[in-house]
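Participant: Let me give you the structure first, and then I'll get to my questions.
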Amino acid sequence: MYQQILAEQTKLFEELGVFFAFSNKQFADKKQNGVDYCTVLGAGDCVPKDKAPEFVRRLREIQEQGRKRLLEEKGIEQIIEYELANHESWYTGSIDSALEALEGFEVTREQVEAVFKDKAHKHRM
């Protein structure tokens with residue numbers, strides 16, 4: 001399901017001319033002449049200024065719809081477990097980065113800690 005969200009985001013990026021650049025050379029290679037760019041995400045994203053409001057709106061919609069689909073198909077416990085594993089929480093002993101990734105799901109630290117403890121036997125080496 002995460003792949004579906006990423007695919008929809010990628011399609012939006014391509015449609016609106018959004019790209020990522022982490023150096024001046026990357027920016028120069030990808031920019032379109034005559035287009036002014038801004039950042040919306042603050043993470044190397046280059047968004048045509050005139051399309052920034054549409055980009056923000058549609059990206060938010062994709063993420064919200066994706067979260068709803070994930071909740072319906074997987075349930076919150078499985079989503080939390082996935083993020084804990086994805087952020088190597090059982091290896092590091094910290095749930096902080098997984099908790100940050102789960103912000104859009106409005107989960108509490110207590111919920112994440114409960115799944116962390118309950119599923120530890122499956123993930124610890």
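Simple scheme: letters A, B, ... for chains in structure tokens order, numbers from 1 for residues in each chain, numbers from 1 for ligands in the order shown.
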Can you pull out the residues contacting range 38-44 of chain A? Cut-off 8 Å, using only C-alpha atoms, and skip same-chain residues under 6 positions away; I want them as number ranges by chain.
Facilitator: A: 20-22, 52, 56
Participant: Quick one: everything within 12 Å of range 58-74 of chain A, counting only C-alpha atoms, minus sequence neighbours fewer than 2 positions away in the same chain. Send it as a ChimeraX atom specification.
Facilitator: /A:1-13,15-16,18,40-41,51-56,76-82,101-107
Participant: If you keep C-alpha atoms, can you produce a file of those selected residues as a compact mmCIF listing (two decimals), in the first residue's frame?
Facilitator:
```
# COMPACT_ATOMS: atom_id res chain seq x y z
CA MET A 1 0.00 0.00 0.00
CA TYR A 2 2.85 2.39 0.75
CA GLN A 3 3.99 1.74 -2.82
CA GLN A 4 0.63 2.94 -4.13
CA ILE A 5 0.96 6.22 -2.20
CA LEU A 6 4.50 6.68 -3.53
CA ALA A 7 3.33 5.99 -7.08
CA GLU A 8 0.57 8.59 -6.78
CA GLN A 9 3.02 11.13 -5.36
CA THR A 10 5.51 10.43 -8.15
CA LYS A 11 2.79 10.96 -10.74
CA LEU A 12 1.90 14.30 -9.12
CA PHE A 13 5.57 15.36 -9.09
CA GLU A 15 2.66 16.30 -13.71
CA LEU A 16 3.55 19.53 -11.91
CA VAL A 18 8.41 19.02 -9.11
CA VAL A 40 7.38 23.38 0.04
CA LEU A 41 8.68 20.40 1.98
CA LYS A 51 2.02 25.42 -8.92
CA ALA A 52 2.96 25.36 -5.23
CA PRO A 53 -0.60 25.83 -3.83
CA GLU A 54 -1.95 23.05 -6.07
CA PHE A 55 1.00 20.83 -5.16
CA VAL A 56 0.41 21.30 -1.42
CA ILE A 76 -3.46 0.67 13.13
CA GLU A 77 -1.56 -2.04 15.00
CA GLN A 78 -0.07 -3.49 11.80
CA ILE A 79 0.82 0.02 10.56
CA ILE A 80 2.58 0.79 13.84
CA GLU A 81 4.46 -2.53 13.69
CA TYR A 82 5.54 -1.79 10.12
CA ALA A 101 6.55 8.73 10.83
CA LEU A 102 3.14 7.92 12.32
CA GLU A 103 2.16 11.56 12.93
CA GLY A 104 -0.56 11.54 10.27
CA PHE A 105 -2.26 8.60 11.97
CA GLU A 106 -2.78 10.50 15.23
CA VAL A 107 -1.43 7.71 17.41
```
Participant: Using only C-alpha atoms for the distances, tell me which of A:Arg124, A:Arg57, A:Lys49, A:Arg109 is nearest to Trp90 in chain A.
Facilitator: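 Among the listed residues, A:Arg124 lies closest to Trp90 in chain A.
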Participant: Among range 4-107 of chain A, which ones does DSSP assign to strand (DSSP E) (computed from the backbone)? Answer as number ranges by chain.
Facilitator: A: 19-20, 37-38, 45-48
Participant: As a ChimeraX atom specification, please: all residues of chain A that backbone DSSP puts in helix (DSSP H, G or I).
Facilitator: /A:2-16,24-30,49-74,76-86,89-92,96-101,103-105,109-123
Participant: If I take CA of Ala98 in chain A and CA of Phe19 in chain A, how far is one from the other in Å, to one decimal?
Facilitator: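 It comes out at 25.8 Å.
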Participant: In Å, rounded to a single decimal, give me how far CA of His121 in chain A is from CA of Asp96 in chain A.
Facilitator: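 Between CA of Asp96 in chain A and CA of His121 in chain A the gap is 19.5 Å.
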Participant: Using only C-alpha atoms for the distances, tell me which of A:Asp118, A:Tyr91, A:Val47, A:Thr108 is nearest to Lys30 in chain A.
Facilitator: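 Distance minimum relative to Lys30 in chain A lands on A:Val47.
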